[in-house]
Amino acid sequence: MVSMLRFLTIFLLCSILISVPASAESPFPVVSPWMDEEEEDFKTPDRELEQRKTKDRREQRRERKESFSESRPPSRSAQAITKPKPSALEDMYSTRIVDELGQFGYDLFGVPTPETQTKLDSVASVPSGAVQDDFILNTNDEVEVIFSGQRTDRGTYKVNDQGLLLINDFPPIPAAGRAIGQVRISIENAAQNLHNTQAYISLASVRQIGVLVVGHVKKPGRQTLTVFHTVLDALMESGGVGKTGSLRQIKLIRNGRGTIIDLYGLLMHGSTNMDLRLRDGDRIIIPPIGPTVAIAGHIKRPGIYEILPAIKGMRHQPKQSSERLSLNEMLDLGGGVLSPGQNRFMRLDITPHGREVVDQIHEPFKSQFGDGSVLIVAKGQEKRASTVELVGHTRRPGIHALLEVPTLSALLDNDQVLGPKAYPLIGVIERWDDEQMTTKLVDFPLLLVLKGDYDRKLEDGDVVHLFSRQQIASLKENHAKLRKVSMGSAEDPDDTIIDDPVIASFLKERASFVRGAVRNPGAYPVADGITLDSVLAVAGGLTLEANTGNIEVTSALQGEGHQAEGRSGTQRIRVNFRETNPQNVSIAAGDAVRVNQKFKKVEDKSVLVIGEVSHPGRYDLVPGDKMSDLIRRAGGMTRQAYPDGAVFSRESERKAEESRFRAAARDMERAVAVAIEKGEDGPDTTQIAMARDLAAELREVQAVGRITVESDPAVLSVQPELDMLLESGDRLYIPKRPLTVKVNGEVLSPASLQFRSEKDPEDYIDQAGGFTFHADKDRTFVLYPDGSAQPLQVSAWNHKDAFIPPGSTIVVPRDPKPFDFITTAKDISQILSNLAITAIFLDDVRDD
């Protein structure tokens, strides 16, 4: 009765709610169960409020969607790229040792990607056709029979539930449980009853089977496979065995009987007898992983390995949970050590009380590794025996057998062993001293070894160093930082520096010094037995001006009296090649050789004469040649020659003048830098730009180095004291007789104007267009033909007439006012004037 009343009450309330229409006065919106959210928003009276609610709900849905996507596992392709997370077992072992080890064998299954999954799917549908004769047919298998001869047809026949093949015109043929080879024989025998008929049989399709895979696999459950598949295929279809599952105790149950499958036989030894072919109804069980051991260190296959549990029987020990392995069996699991030799084997084990013990294993056959044990293989340092090593500037670097090369002469049997630029005066043997327990260095004369005049017995472990000429040359340079250079190849382009500081110091201590008239003077390390002729040859040989009759040798080996035979003291001797053979003069470490010159160094001593002479060109000099001698050798001056305007320049003066220009440029650049630091109180940008341009011009200007000389032969014959001695590098330019006066500098139109005796300087300047805005009128000067100069007074308030001879140049310099901020530089007016003069002389020489 109460239930009936409750039902009626609910029914009446629902009727009232449905009958009330949705209106503006309704405080609540009416929502039908089939109405979506957008329709609900549309029917609310307060649309703005409901729109905000809808927006909030959409935001909540979006957040739920994002959180759901983040919580989902990554795709297979992402899993293939991401490094898998270590298992609990791998974490446990990594806390006990330094190495990070992985569980062996589980990478066989890996993480399936779309590509590998496609391959697995293709395996599930094994194509039919030609199979082995031992393939057992069963019900529902289909075979294809092709007839040829009198009967020409083909058909597909299924093995029926009675296990028979029913072929037209043939008696029933038993097939289920028989091999396909036996069925083929039966069909061929039946075909013989037909005249001229042959039969061919092949497998048309195979039956599918169902296999149940349970336990520690990634996708447990029933797998649909074919009779061609094996246990490993079923595990692949199930996603592979997880790291918590066993690889050595997989159980295959068939017809109520179980078979244990150990995949280690397949993984380690390649045996396929454990990978059994499946049948319909088979069950595969993957139990949890059993006891494990770890192998790390100098091993071919480090990792975590599963071992078999202890066999429980009459002799079973209660505390022993797994089989016990020996050192050799552990090494077999790890694939063996990386290299034979002095390897140490350490065992880490955990006692029942939780303490970890470490001991070294010496007995290879004693079973002492069990569940949780760790084997660490530590490689010892190998020591080569009966070998010598040749390094450095050689074509045969590397290890050599001591029995084959017991001496230096055997190791360095010919010059083909050496590199193309080998240093012949010294080599170094690096040898271990057993008594002092240190390395010692022994020098030897490489050149004498090759000639057969010197030999030394080699010992086990010797390292023979050969050097290049570039390495020896680098010893005299102070390198702030030694570069690491390989000394293993004679063809190494960077083999220029000896990287071993001990060997470099050893060679410096044995240096002899060659100076004077040789092509490459310097320090040259030598070994005992080296003579003067070899040292001079390595130094490049004697130059043309060398005096072979006067060579000084300062040596400790040339003592006299009680200092003889090299006991003590130093003596200087003079060697004359006509009297003493240099092969008989020994040179030792610290000796000094000086080759004196018999005349001054050979050099090009000549002067250049151009212009108005009969034979212009370059003429050789001898000591005492003068100006008049040069003009006479050049055939004298022509009729158009103007000796008063001769331009004579000297190399030393050119260098001095260019040095002054460069110094002025540096002063100007410093002044510009100081002015820039002043900021607003300094010069403007235009002045700074002009100063920089002037400094750049001073750095690039080519000096003339002119000296005022007398070149008129008539004058020189009367006044021989004016006849200048010539030097190598002098230049003489004889211009033509001019009929013009040049106006250069800050004028509107620089030009060469016709000479008139009645013209004054201002007339020439007016004909050149007059002064420019930047002209410095007060510093205008005239440059006479002989190179002398004189200031001119051409301003309106300071005017004075002056005679300007032909060939002169009136120079109007630039106003130095824009450069007034440069207080540390030299007089800017002088600099600008010198630049103008230099330009005039260079133009004259180029015009010729």
# chains A, B, ... in the order shown; residues from 1 in each chain; ligands from 1
call {"tool": "select_by_dssp", "arguments": {"residues": "stretch 749-795 of chain A", "states": "helix (DSSP H, G or I)", "output": "list in words"}}
result
Pro761, Glu762, Asp763, Tyr764, Ile765, Asp766, Gln767, Lys777, Asp778 and Arg779 of chain A
call {"tool": "residues_around", "arguments": {"residues": "stretch 271-279 of chain A", "least_positions_apart": "5", "cutoff": "8 Å", "atoms": "only C-alpha atoms", "output": "PyMOL selection string"}}
result
chain A and resi 209-211+226-232+261-263+265-266
call {"tool": "residues_around", "arguments": {"residues": "A:Tyr93", "least_positions_apart": "3", "cutoff": "12 Å", "atoms": "only C-alpha atoms", "output": "NGL selection string"}}
result
:A and (86-90 or 96-103 or 292-296 or 303-305 or 348-350 or 371-375)
call {"tool": "residues_around", "arguments": {"residues": "A:Gly149", "least_positions_apart": "4", "cutoff": "7 Å", "atoms": "only C-alpha atoms", "output": "ChimeraX atom specification"}}
result
/A:196-198
call {"tool": "select_by_dssp", "arguments": {"residues": "stretch 200-427 of chain A", "states": "strand (DSSP E or B)", "output": "number ranges by chain"}}
result
A: 200-205, 208-215, 217, 221-226, 230, 241, 245, 250-254, 257-261, 277, 283-286, 288, 292-297, 299, 303-306, 309, 322, 325, 337, 343-350, 356-360, 369, 374-379, 387-392, 394, 398-401, 407, 418, 422, 427
call {"tool": "atom_distance", "arguments": {"atom1": "atom CA of A:Gln320", "atom2": "atom CA of A:Ile289"}}
result
16.9 Å
call {"tool": "residues_around", "arguments": {"residues": "A:Gly336", "least_positions_apart": "6", "cutoff": "8 Å", "atoms": "only C-alpha atoms", "output": "list in words"}}
result
Ile299, Lys300 and Arg301 of chain A
call {"tool": "closest_residue", "arguments": {"among": "A:Lys440, A:His269, A:Arg632, A:Arg699", "to": "A:Phe506", "atoms": "only C-alpha atoms"}}
result
A:Lys440
call {"tool": "residues_around", "arguments": {"residues": "stretch 237-243 of chain A", "least_positions_apart": "4", "cutoff": "8 Å", "atoms": "only C-alpha atoms", "output": "list in words"}}
result
Ser87, Gln103, Tyr106, Phe109, Gly110, Val111, Pro112, Leu120, Val213, His216, Val217, Lys218, Lys219, Pro220, Gly221, Gln223, Asp233, Leu247, Ile286 and Ile289 of chain A
call {"tool": "closest_residue", "arguments": {"among": "A:Leu753, A:Ala517, A:Leu536, A:Val704", "to": "A:Arg731", "atoms": "only C-alpha atoms"}}
result
A:Val704
call {"tool": "closest_residue", "arguments": {"among": "A:Ala671, A:Ala664, A:Ile734, A:Ile587", "to": "A:Ala641", "atoms": "only C-alpha atoms"}}
result
A:Ile734
call {"tool": "closest_residue", "arguments": {"among": "A:Gly452, A:Pro806, A:Pro525, A:Gly636", "to": "A:Gln471", "atoms": "only C-alpha atoms"}}
result
A:Pro525
call {"tool": "decode", "arguments": {"residues": "stretch 498-512 of chain A", "atoms": "all heavy atoms", "output": "PDB file, in the first residue's frame"}}
result
ATOM      1  N   ILE A 498     106.900  19.268 -30.657  1.00  0.00           N
ATOM      2  CA  ILE A 498     107.088  18.127 -29.771  1.00  0.00           C
ATOM      3  C   ILE A 498     106.213  18.344 -28.554  1.00  0.00           C
ATOM      4  O   ILE A 498     106.429  19.283 -27.779  1.00  0.00           O
ATOM      5  CB  ILE A 498     108.566  17.980 -29.393  1.00  0.00           C
ATOM      6  CG1 ILE A 498     109.420  17.778 -30.651  1.00  0.00           C
ATOM      7  CG2 ILE A 498     108.754  16.833 -28.423  1.00  0.00           C
ATOM      8  CD1 ILE A 498     110.905  17.773 -30.390  1.00  0.00           C
ATOM      9  N   ASP A 499     105.222  17.475 -28.379  1.00  0.00           N
ATOM     10  CA  ASP A 499     104.237  17.709 -27.329  1.00  0.00           C
ATOM     11  C   ASP A 499     104.710  17.228 -25.968  1.00  0.00           C
ATOM     12  O   ASP A 499     104.132  17.597 -24.954  1.00  0.00           O
ATOM     13  CB  ASP A 499     102.920  17.029 -27.693  1.00  0.00           C
ATOM     14  CG  ASP A 499     103.066  15.527 -27.783  1.00  0.00           C
ATOM     15  OD1 ASP A 499     104.142  15.071 -28.194  1.00  0.00           O
ATOM     16  OD2 ASP A 499     102.109  14.814 -27.437  1.00  0.00           O
ATOM     17  N   ASP A 500     105.744  16.388 -25.914  1.00  0.00           N
ATOM     18  CA  ASP A 500     106.242  15.884 -24.633  1.00  0.00           C
ATOM     19  C   ASP A 500     107.255  16.887 -24.080  1.00  0.00           C
ATOM     20  O   ASP A 500     108.349  17.063 -24.643  1.00  0.00           O
ATOM     21  CB  ASP A 500     106.893  14.515 -24.829  1.00  0.00           C
ATOM     22  CG  ASP A 500     107.192  13.833 -23.504  1.00  0.00           C
ATOM     23  OD1 ASP A 500     107.344  14.538 -22.490  1.00  0.00           O
ATOM     24  OD2 ASP A 500     107.268  12.589 -23.489  1.00  0.00           O
ATOM     25  N   PRO A 501     106.940  17.588 -22.983  1.00  0.00           N
ATOM     26  CA  PRO A 501     107.875  18.607 -22.474  1.00  0.00           C
ATOM     27  C   PRO A 501     109.187  18.021 -21.984  1.00  0.00           C
ATOM     28  O   PRO A 501     110.224  18.692 -22.014  1.00  0.00           O
ATOM     29  CB  PRO A 501     107.085  19.276 -21.336  1.00  0.00           C
ATOM     30  CG  PRO A 501     106.054  18.279 -20.935  1.00  0.00           C
ATOM     31  CD  PRO A 501     105.714  17.502 -22.157  1.00  0.00           C
ATOM     32  N   VAL A 502     109.178  16.762 -21.517  1.00  0.00           N
ATOM     33  CA  VAL A 502     110.430  16.153 -21.025  1.00  0.00           C
ATOM     34  C   VAL A 502     111.383  15.916 -22.197  1.00  0.00           C
ATOM     35  O   VAL A 502     112.576  16.230 -22.127  1.00  0.00           O
ATOM     36  CB  VAL A 502     110.104  14.841 -20.289  1.00  0.00           C
ATOM     37  CG1 VAL A 502     111.399  14.146 -19.869  1.00  0.00           C
ATOM     38  CG2 VAL A 502     109.224  15.114 -19.080  1.00  0.00           C
ATOM     39  N   ILE A 503     110.870  15.380 -23.287  1.00  0.00           N
ATOM     40  CA  ILE A 503     111.716  15.142 -24.457  1.00  0.00           C
ATOM     41  C   ILE A 503     112.166  16.465 -25.061  1.00  0.00           C
ATOM     42  O   ILE A 503     113.318  16.598 -25.505  1.00  0.00           O
ATOM     43  CB  ILE A 503     110.953  14.286 -25.486  1.00  0.00           C
ATOM     44  CG1 ILE A 503     110.678  12.897 -24.908  1.00  0.00           C
ATOM     45  CG2 ILE A 503     111.727  14.180 -26.784  1.00  0.00           C
ATOM     46  CD1 ILE A 503     109.936  11.971 -25.842  1.00  0.00           C
ATOM     47  N   ALA A 504     111.280  17.469 -25.090  1.00  0.00           N
ATOM     48  CA  ALA A 504     111.658  18.781 -25.615  1.00  0.00           C
ATOM     49  C   ALA A 504     112.789  19.389 -24.794  1.00  0.00           C
ATOM     50  O   ALA A 504     113.752  19.939 -25.342  1.00  0.00           O
ATOM     51  CB  ALA A 504     110.446  19.709 -25.634  1.00  0.00           C
ATOM     52  N   SER A 505     112.710  19.272 -23.467  1.00  0.00           N
ATOM     53  CA  SER A 505     113.785  19.779 -22.611  1.00  0.00           C
ATOM     54  C   SER A 505     115.073  18.993 -22.817  1.00  0.00           C
ATOM     55  O   SER A 505     116.182  19.561 -22.820  1.00  0.00           O
ATOM     56  CB  SER A 505     113.336  19.715 -21.147  1.00  0.00           C
ATOM     57  OG  SER A 505     114.374  20.101 -20.284  1.00  0.00           O
ATOM     58  N   PHE A 506     114.947  17.675 -22.999  1.00  0.00           N
ATOM     59  CA  PHE A 506     116.116  16.818 -23.245  1.00  0.00           C
ATOM     60  C   PHE A 506     116.840  17.256 -24.520  1.00  0.00           C
ATOM     61  O   PHE A 506     118.086  17.312 -24.559  1.00  0.00           O
ATOM     62  CB  PHE A 506     115.651  15.366 -23.348  1.00  0.00           C
ATOM     63  CG  PHE A 506     116.751  14.380 -23.580  1.00  0.00           C
ATOM     64  CD1 PHE A 506     117.513  13.894 -22.529  1.00  0.00           C
ATOM     65  CD2 PHE A 506     117.032  13.919 -24.862  1.00  0.00           C
ATOM     66  CE1 PHE A 506     118.519  12.969 -22.753  1.00  0.00           C
ATOM     67  CE2 PHE A 506     118.037  13.007 -25.088  1.00  0.00           C
ATOM     68  CZ  PHE A 506     118.789  12.529 -24.031  1.00  0.00           C
ATOM     69  N   LEU A 507     116.096  17.580 -25.561  1.00  0.00           N
ATOM     70  CA  LEU A 507     116.715  18.006 -26.816  1.00  0.00           C
ATOM     71  C   LEU A 507     117.338  19.391 -26.688  1.00  0.00           C
ATOM     72  O   LEU A 507     118.421  19.653 -27.251  1.00  0.00           O
ATOM     73  CB  LEU A 507     115.670  17.999 -27.926  1.00  0.00           C
ATOM     74  CG  LEU A 507     115.110  16.623 -28.320  1.00  0.00           C
ATOM     75  CD1 LEU A 507     114.001  16.778 -29.341  1.00  0.00           C
ATOM     76  CD2 LEU A 507     116.214  15.731 -28.879  1.00  0.00           C
ATOM     77  N   LYS A 508     116.695  20.298 -25.965  1.00  0.00           N
ATOM     78  CA  LYS A 508     117.265  21.637 -25.789  1.00  0.00           C
ATOM     79  C   LYS A 508     118.601  21.585 -25.061  1.00  0.00           C
ATOM     80  O   LYS A 508     119.519  22.352 -25.362  1.00  0.00           O
ATOM     81  CB  LYS A 508     116.282  22.524 -25.024  1.00  0.00           C
ATOM     82  CG  LYS A 508     115.070  22.966 -25.818  1.00  0.00           C
ATOM     83  CD  LYS A 508     114.169  23.857 -24.977  1.00  0.00           C
ATOM     84  CE  LYS A 508     112.953  24.318 -25.762  1.00  0.00           C
ATOM     85  NZ  LYS A 508     112.072  25.188 -24.941  1.00  0.00           N
ATOM     86  N   GLU A 509     118.709  20.664 -24.113  1.00  0.00           N
ATOM     87  CA  GLU A 509     119.965  20.536 -23.367  1.00  0.00           C
ATOM     88  C   GLU A 509     121.114  20.060 -24.244  1.00  0.00           C
ATOM     89  O   GLU A 509     122.282  20.262 -23.894  1.00  0.00           O
ATOM     90  CB  GLU A 509     119.767  19.555 -22.214  1.00  0.00           C
ATOM     91  CG  GLU A 509     118.781  20.040 -21.158  1.00  0.00           C
ATOM     92  CD  GLU A 509     118.447  18.949 -20.157  1.00  0.00           C
ATOM     93  OE1 GLU A 509     118.963  17.823 -20.349  1.00  0.00           O
ATOM     94  OE2 GLU A 509     117.686  19.206 -19.219  1.00  0.00           O
ATOM     95  N   ARG A 510     120.818  19.426 -25.350  1.00  0.00           N
ATOM     96  CA  ARG A 510     121.846  18.886 -26.239  1.00  0.00           C
ATOM     97  C   ARG A 510     121.996  19.694 -27.515  1.00  0.00           C
ATOM     98  O   ARG A 510     122.402  19.177 -28.546  1.00  0.00           O
ATOM     99  CB  ARG A 510     121.510  17.424 -26.570  1.00  0.00           C
ATOM    100  CG  ARG A 510     121.856  16.487 -25.430  1.00  0.00           C
ATOM    101  CD  ARG A 510     121.027  15.239 -25.403  1.00  0.00           C
ATOM    102  NE  ARG A 510     121.450  14.398 -24.296  1.00  0.00           N
ATOM    103  CZ  ARG A 510     121.120  14.627 -23.024  1.00  0.00           C
ATOM    104  NH1 ARG A 510     120.361  15.659 -22.713  1.00  0.00           N
ATOM    105  NH2 ARG A 510     121.565  13.820 -22.063  1.00  0.00           N
ATOM    106  N   ALA A 511     121.677  20.980 -27.436  1.00  0.00           N
ATOM    107  CA  ALA A 511     121.738  21.835 -28.619  1.00  0.00           C
ATOM    108  C   ALA A 511     123.153  22.359 -28.822  1.00  0.00           C
ATOM    109  O   ALA A 511     123.861  22.703 -27.878  1.00  0.00           O
ATOM    110  CB  ALA A 511     120.773  23.003 -28.470  1.00  0.00           C
ATOM    111  N   SER A 512     123.550  22.385 -30.082  1.00  0.00           N
ATOM    112  CA  SER A 512     124.756  23.118 -30.497  1.00  0.00           C
ATOM    113  C   SER A 512     124.290  24.319 -31.306  1.00  0.00           C
ATOM    114  O   SER A 512     123.189  24.321 -31.854  1.00  0.00           O
ATOM    115  CB  SER A 512     125.673  22.217 -31.332  1.00  0.00           C
ATOM    116  OG  SER A 512     124.998  21.807 -32.507  1.00  0.00           O
TER     117      SER A 512
END
